[in-house]
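Next comes target.txt, with compact mmCIF, C-alpha atoms.
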```txt
# COMPACT_ATOMS: atom_id res chain seq x y z
CA MET Y 1 27.88 0.98 -14.53
CA THR Y 2 28.18 4.79 -14.44
CA LYS Y 3 26.95 6.78 -11.44
CA LYS Y 4 24.21 8.36 -13.56
CA LYS Y 5 22.97 4.98 -14.81
CA LYS Y 6 23.05 3.62 -11.26
CA ILE Y 7 20.86 6.48 -10.02
CA ILE Y 8 18.32 5.84 -12.79
CA LEU Y 9 18.34 2.10 -12.03
CA ILE Y 10 17.66 2.79 -8.34
CA THR Y 11 14.50 4.68 -9.35
CA GLY Y 12 13.15 1.59 -11.10
CA ILE Y 13 13.93 -0.70 -8.18
CA LEU Y 14 12.38 1.71 -5.71
CA VAL Y 15 9.06 1.89 -7.57
CA VAL Y 16 8.83 -1.89 -7.68
CA ILE Y 17 9.33 -2.15 -3.90
CA ILE Y 18 6.17 -0.19 -3.15
CA ALA Y 19 3.94 -2.91 -4.56
CA ALA Y 20 3.52 -4.57 -1.16
CA GLY Y 21 0.15 -6.10 -0.27
CA ILE Y 22 -1.91 -5.36 2.80
CA SER Y 23 -3.84 -8.61 3.11
CA THR Y 24 -5.65 -10.02 6.09
CA GLY Y 25 -7.58 -13.01 7.31
CA ILE Y 26 -9.70 -11.99 10.27
CA TYR Y 27 -12.09 -14.16 12.22
CA LEU Y 28 -15.37 -12.86 13.58
CA TYR Y 29 -17.12 -14.00 16.75
CA ILE Y 30 -20.69 -12.68 17.00
CA ASN Y 31 -24.24 -13.75 17.71
CA ARG Y 32 -25.92 -11.90 14.84
CA PHE Y 33 -24.06 -12.04 11.55
CA ASP Y 34 -24.35 -9.46 8.76
CA ALA Y 35 -21.80 -10.23 6.06
CA GLY Y 36 -21.88 -6.71 4.64
CA GLU Y 37 -21.26 -5.09 8.00
CA TYR Y 38 -18.50 -7.58 8.71
CA VAL Y 39 -16.70 -6.86 5.43
CA GLN Y 40 -17.06 -3.10 5.96
CA ALA Y 41 -15.63 -3.40 9.47
CA VAL Y 42 -12.72 -5.58 8.38
CA LEU Y 43 -11.74 -3.31 5.48
CA ASP Y 44 -12.11 -0.11 7.50
CA THR Y 45 -9.91 -1.56 10.23
CA SER Y 46 -7.33 -3.04 7.87
CA TYR Y 47 -6.84 -0.06 5.57
CA LYS Y 48 -8.13 3.05 7.30
CA ASN Y 49 -7.51 2.26 10.97
CA GLU Y 50 -11.19 3.05 11.61
CA THR Y 51 -11.90 0.50 14.30
CA ASP Y 52 -15.16 1.51 16.02
CA GLN Y 53 -17.46 -0.81 14.05
CA TYR Y 54 -14.99 -3.68 14.20
CA VAL Y 55 -14.61 -3.35 17.98
CA GLU Y 56 -18.38 -3.20 18.39
CA ILE Y 57 -19.02 -6.25 16.23
CA THR Y 58 -16.23 -8.48 17.48
CA GLY Y 59 -15.79 -7.38 21.06
CA MET Y 60 -12.07 -7.04 20.40
CA SER Y 61 -10.20 -4.38 22.37
CA GLN Y 62 -9.27 -1.07 20.75
CA GLU Y 63 -5.59 -1.94 21.04
CA GLU Y 64 -6.08 -5.31 19.32
CA ALA Y 65 -8.06 -3.73 16.49
CA GLU Y 66 -5.48 -0.98 15.94
CA LYS Y 67 -2.76 -3.61 15.80
CA ILE Y 68 -4.36 -5.02 12.63
CA PHE Y 69 -3.66 -1.78 10.78
CA GLU Y 70 -0.14 -1.53 12.21
CA ASP Y 71 0.62 -5.13 11.25
CA ASN Y 72 -0.44 -4.35 7.68
CA LEU Y 73 1.89 -1.37 7.62
CA ASP Y 74 4.65 -3.69 8.85
CA ILE Y 75 4.03 -5.84 5.76
CA THR Y 76 4.17 -2.81 3.49
CA MET Y 77 7.41 -1.58 5.04
CA ALA Y 78 9.14 -4.98 5.00
CA GLY Y 79 10.48 -4.45 1.48
CA PHE Y 80 11.98 -1.09 2.42
CA GLU Y 81 13.51 -2.36 5.65
CA SER Y 82 15.38 -5.01 3.68
CA SER Y 83 16.48 -2.46 1.08
CA GLU Y 84 19.09 0.28 1.26
CA MET Y 85 16.70 2.97 2.44
CA PRO Y 86 18.34 5.14 5.10
CA GLU Y 87 16.99 4.18 8.51
CA GLU Y 88 16.02 7.74 9.34
CA MET Y 89 13.60 7.81 6.39
CA LEU Y 90 11.65 4.71 7.37
CA PRO Y 91 9.28 6.54 9.76
CA LYS Y 92 8.46 9.15 7.09
CA TYR Y 93 7.61 6.48 4.52
CA ARG Y 94 5.60 4.50 7.07
CA GLU Y 95 3.51 7.54 7.94
CA LEU Y 96 3.02 8.35 4.24
CA PHE Y 97 1.91 4.81 3.36
CA GLY Y 98 -0.50 4.85 6.29
CA GLU Y 99 -1.98 8.03 4.87
CA ILE Y 100 -2.24 6.50 1.40
CA ALA Y 101 -3.91 3.36 2.78
CA GLY Y 102 -6.48 5.55 4.50
CA LYS Y 103 -7.53 6.93 1.11
CA VAL Y 104 -8.29 3.64 -0.66
CA SER Y 105 -11.79 3.51 -2.15
CA TYR Y 106 -14.23 0.60 -1.79
CA THR Y 107 -18.01 0.39 -1.63
CA ILE Y 108 -19.72 -2.66 -0.11
CA GLY Y 109 -22.77 -4.07 -1.91
CA LYS Y 110 -25.63 -6.27 -0.73
CA PRO Y 111 -24.48 -9.74 0.42
CA GLU Y 112 -25.94 -12.89 -1.12
CA LYS Y 113 -26.16 -16.10 0.87
CA LYS Y 114 -25.44 -19.28 -1.07
CA GLU Y 115 -27.01 -22.68 -0.41
CA ASN Y 116 -23.80 -23.92 1.19
CA GLY Y 117 -23.99 -21.11 3.75
CA THR Y 118 -21.26 -19.00 2.16
CA TYR Y 119 -21.95 -15.28 1.81
CA VAL Y 120 -20.83 -13.53 -1.36
CA VAL Y 121 -20.28 -9.82 -0.80
CA PRO Y 122 -19.81 -7.56 -3.85
CA VAL Y 123 -17.29 -4.74 -3.58
CA ILE Y 124 -16.77 -1.83 -5.98
CA VAL Y 125 -13.17 -0.59 -6.04
CA LYS Y 126 -11.76 2.62 -7.49
CA PRO Y 127 -7.97 2.11 -7.60
CA ILE Y 128 -5.63 4.84 -6.42
CA THR Y 129 -3.45 5.86 -9.36
CA LEU Y 130 -0.86 7.69 -7.26
CA PHE Y 131 2.18 5.70 -8.37
CA THR Y 132 1.36 5.71 -12.09
CA ASP Y 133 0.40 9.41 -11.91
CA THR Y 134 3.71 10.41 -10.33
CA TYR Y 135 6.16 8.00 -11.97
CA GLU Y 136 7.09 10.32 -14.83
CA THR Y 137 7.68 13.22 -12.44
CA PHE Y 138 9.82 10.99 -10.23
CA GLN Y 139 11.88 9.79 -13.19
CA THR Y 140 12.39 13.36 -14.40
CA ARG Y 141 13.56 14.63 -11.01
CA ALA Y 142 15.80 11.61 -10.48
CA GLN Y 143 17.43 12.11 -13.86
CA GLU Y 144 17.86 15.82 -13.13
CA TYR Y 145 19.67 14.84 -9.94
CA ALA Y 146 21.80 12.36 -11.88
CA GLN Y 147 22.73 15.11 -14.33
CA GLU Y 148 23.61 17.45 -11.45
CA VAL Y 149 25.96 14.80 -10.08
CA THR Y 150 27.55 14.29 -13.48
CA ASP Y 151 27.99 18.03 -14.09
CA SER Y 152 29.48 18.54 -10.63
CA VAL Y 153 32.05 15.77 -11.12
CA MET Y 154 32.91 17.01 -14.60
CA ASN Y 155 33.63 20.42 -13.06
CA GLY Y 156 36.00 18.95 -10.51
CA GLY Y 157 33.55 18.24 -7.73
CA GLU Y 158 33.81 15.20 -5.48
CA MET Y 159 31.85 12.10 -6.43
CA PRO Y 160 29.04 11.49 -3.88
CA ALA Y 161 29.10 8.17 -2.07
CA ASP Y 162 26.56 5.54 -3.14
CA GLU Y 163 24.79 5.88 0.21
CA GLU Y 164 24.37 9.62 -0.29
CA MET Y 165 22.92 9.16 -3.77
CA GLN Y 166 20.53 6.46 -2.62
CA SER Y 167 19.36 8.67 0.24
CA GLN Y 168 18.72 11.51 -2.17
CA ILE Y 169 16.70 9.29 -4.52
CA TYR Y 170 14.51 8.08 -1.64
CA GLN Y 171 14.00 11.71 -0.59
CA ILE Y 172 13.04 12.71 -4.13
CA TYR Y 173 10.49 9.90 -4.35
CA TYR Y 174 9.05 10.75 -0.97
CA ASP Y 175 8.67 14.42 -1.95
CA VAL Y 176 6.95 13.52 -5.24
CA LEU Y 177 4.48 11.17 -3.54
CA LYS Y 178 3.79 13.54 -0.66
CA GLU Y 179 3.09 16.45 -3.01
CA ARG Y 180 0.48 14.40 -4.86
CA VAL Y 181 -1.13 13.05 -1.69
CA ASP Y 182 -1.41 16.56 -0.26
CA SER Y 183 -2.85 18.01 -3.48
CA GLY Y 184 -5.57 15.36 -3.75
CA MET Y 185 -5.62 11.69 -4.64
CA LEU Y 186 -6.72 10.58 -8.11
CA TYR Y 187 -8.57 7.32 -8.82
CA GLY Y 188 -9.11 5.03 -11.78
CA GLY Y 189 -12.39 3.66 -13.09
CA ALA Y 190 -14.62 1.52 -10.88
CA ARG Y 191 -13.93 -2.22 -10.85
CA ASN Y 192 -16.04 -5.02 -9.39
CA THR Y 193 -14.94 -7.90 -7.22
CA THR Y 194 -16.45 -10.17 -4.58
CA LEU Y 195 -15.46 -11.44 -1.15
CA GLN Y 196 -16.62 -14.84 0.07
CA VAL Y 197 -17.35 -15.05 3.77
CA THR Y 198 -17.57 -18.56 5.17
CA LYS Y 199 -18.64 -20.04 8.48
CA GLU Y 200 -15.65 -21.81 10.01
CA GLY Y 201 -17.29 -22.93 13.25
CA ASN Y 202 -20.23 -22.30 15.52
CA ARG Y 203 -19.48 -18.58 15.78
CA GLU Y 204 -16.47 -18.15 13.53
CA PHE Y 205 -16.51 -16.43 10.13
CA MET Y 206 -13.66 -15.55 7.79
CA ILE Y 207 -13.12 -13.76 4.48
CA ASP Y 208 -11.54 -15.97 1.82
CA GLN Y 209 -7.81 -15.12 1.71
CA GLU Y 210 -7.52 -15.30 -2.10
CA ASP Y 211 -10.44 -12.89 -2.42
CA MET Y 212 -8.77 -10.52 0.05
CA ASP Y 213 -5.48 -10.72 -1.85
CA LYS Y 214 -7.29 -9.91 -5.11
CA LEU Y 215 -9.08 -6.97 -3.54
CA ASP Y 216 -5.80 -5.75 -2.07
CA SER Y 217 -4.11 -5.81 -5.47
CA MET Y 218 -6.96 -3.76 -6.97
CA LEU Y 219 -6.91 -0.91 -4.46
CA ILE Y 220 -3.67 0.73 -5.62
CA GLU Y 221 -2.56 0.69 -9.24
CA SER Y 222 1.02 -0.50 -9.59
CA VAL Y 223 3.69 0.70 -11.97
CA ASP Y 224 5.29 -1.46 -14.65
CA THR Y 225 8.62 0.32 -14.97
CA GLY Y 226 10.05 -1.83 -17.74
CA GLU Y 227 13.45 -1.23 -16.18
CA GLU Y 228 16.24 -3.75 -16.67
CA ASP Y 229 19.63 -3.82 -14.98
CA GLU Y 230 22.30 -1.99 -16.95
CA GLU Y 231 25.91 -3.10 -16.71
```
What is this structure when it is put down as structure tokens?
Amino acid sequence: MTKKKKIILITGILVVIIAAGISTGIYLYINRFDAGEYVQAVLDTSYKNETDQYVEITGMSQEEAEKIFEDNLDITMAGFESSEMPEEMLPKYRELFGEIAGKVSYTIGKPEKKENGTYVVPVIVKPITLFTDTYETFQTRAQEYAQEVTDSVMNGGEMPADEEMQSQIYQIYYDVLKERVDSGMLYGGARNTTLQVTKEGNREFMIDQEDMDKLDSMLIESVDTGEEDEE
């Protein structure tokens, strides 16, 4: 595989890595139960690190509530930490993904209580289209970098090490994403889903995990790169 082809392949792998879920299964202990308020509190805590309502409803400490958001970021970053991303870039990506998570769009509807005691809570989602919006720009800049490397070598320059090229690709992708986030997030059309909230015990309630996973997958539009390994 040529150096230029390897750089382009890295771009495809990198975009796939970002499709990490931020799912949760949180129990609620309260005397008065409002399924809509519960869902709002759980989502605000999980994605936006807005914990006031969750702390008030559950009686959980501020530190415990904030840990939910941080744990979700840990899940998001797991793919990068097992990749070849330079260690010094991990904090920058973590901060950026926290900022992106804080911009997800969901609107809670009126809950409906079923005969079996389950609450069905409608949610309207407008997916963030950040990664699809920026993929072409990222590809263009990555290929420009690949061409710069090729031209430099052809003119007698030293071939960069693989680690240096990988670091540059991660920096390019970070810059592209950050520019879009700073200029204003774009969203896709509204989509409907529901979350089932069930009573697990005398004072225990929980959002159905499959419903949470589905909601999570709807919040940020992923990229189908169509990339295949080139030998």
May I have the protein, DNA and RNA residues with an atom at most 12 Å from (-28.4, -8.9, -1.4), counting only C-alpha atoms in the file's coordinates, returned as a PDB file with C-alpha atoms, in the coordinates of the input?
```pdb
ATOM      1  CA  ASP Y  34     -24.350  -9.460   8.760  1.00  0.00           C
ATOM      2  CA  ALA Y  35     -21.800 -10.230   6.060  1.00  0.00           C
ATOM      3  CA  GLY Y  36     -21.880  -6.710   4.640  1.00  0.00           C
ATOM      4  CA  ILE Y 108     -19.720  -2.660  -0.110  1.00  0.00           C
ATOM      5  CA  GLY Y 109     -22.770  -4.070  -1.910  1.00  0.00           C
ATOM      6  CA  LYS Y 110     -25.630  -6.270  -0.730  1.00  0.00           C
ATOM      7  CA  PRO Y 111     -24.480  -9.740   0.420  1.00  0.00           C
ATOM      8  CA  GLU Y 112     -25.940 -12.890  -1.120  1.00  0.00           C
ATOM      9  CA  LYS Y 113     -26.160 -16.100   0.870  1.00  0.00           C
ATOM     10  CA  LYS Y 114     -25.440 -19.280  -1.070  1.00  0.00           C
ATOM     11  CA  TYR Y 119     -21.950 -15.280   1.810  1.00  0.00           C
ATOM     12  CA  VAL Y 120     -20.830 -13.530  -1.360  1.00  0.00           C
ATOM     13  CA  VAL Y 121     -20.280  -9.820  -0.800  1.00  0.00           C
ATOM     14  CA  PRO Y 122     -19.810  -7.560  -3.850  1.00  0.00           C
TER      15      PRO Y 122
END
```
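Using all atoms listed in the file, the nearest neighbour of Glu81 of chain Y within the list Y:Val104, Y:Tyr187, Y:Val123, Y:Tyr93 is Y:Tyr93.
Considering the residues Y:Lys199, Y:Lys126, Y:Lys67, Y:Lys178 and counting only C-alpha atoms, Leu219 of chain Y has its shortest atom-to-atom contact with Y:Lys126.
The two atoms in question, atom CA of Phe80 of chain Y and atom CA of Met218 of chain Y, are spaced 21.3 Å apart.
Closest to Arg180 of chain Y among Y:Glu88, Y:Asp44, Y:Glu95, Y:Asp133 is Y:Asp133, based on all atoms listed in the file.
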- Query: Smallest atom-to-atom distance to Glu210 of chain Y: which of Y:Val181, Y:Phe138, Y:Thr194, Y:Gln143, using only C-alpha atoms?
  - Reply: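 Selected residue with least distance to Glu210 of chain Y: Y:Thr194.
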- Query: Between atom CA of Ala142 of chain Y and atom CA of Glu179 of chain Y, what is the distance, to one decimal in Å?
  - Reply: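 If I compute the distance from atom CA of Ala142 of chain Y to atom CA of Glu179 of chain Y, I get 15.5 Å.
Counting all atoms listed in the file, the residue from Y:Tyr106, Y:Asn116, Y:Glu148, Y:Tyr170 that sits nearest to Thr193 of chain Y is Y:Tyr106.
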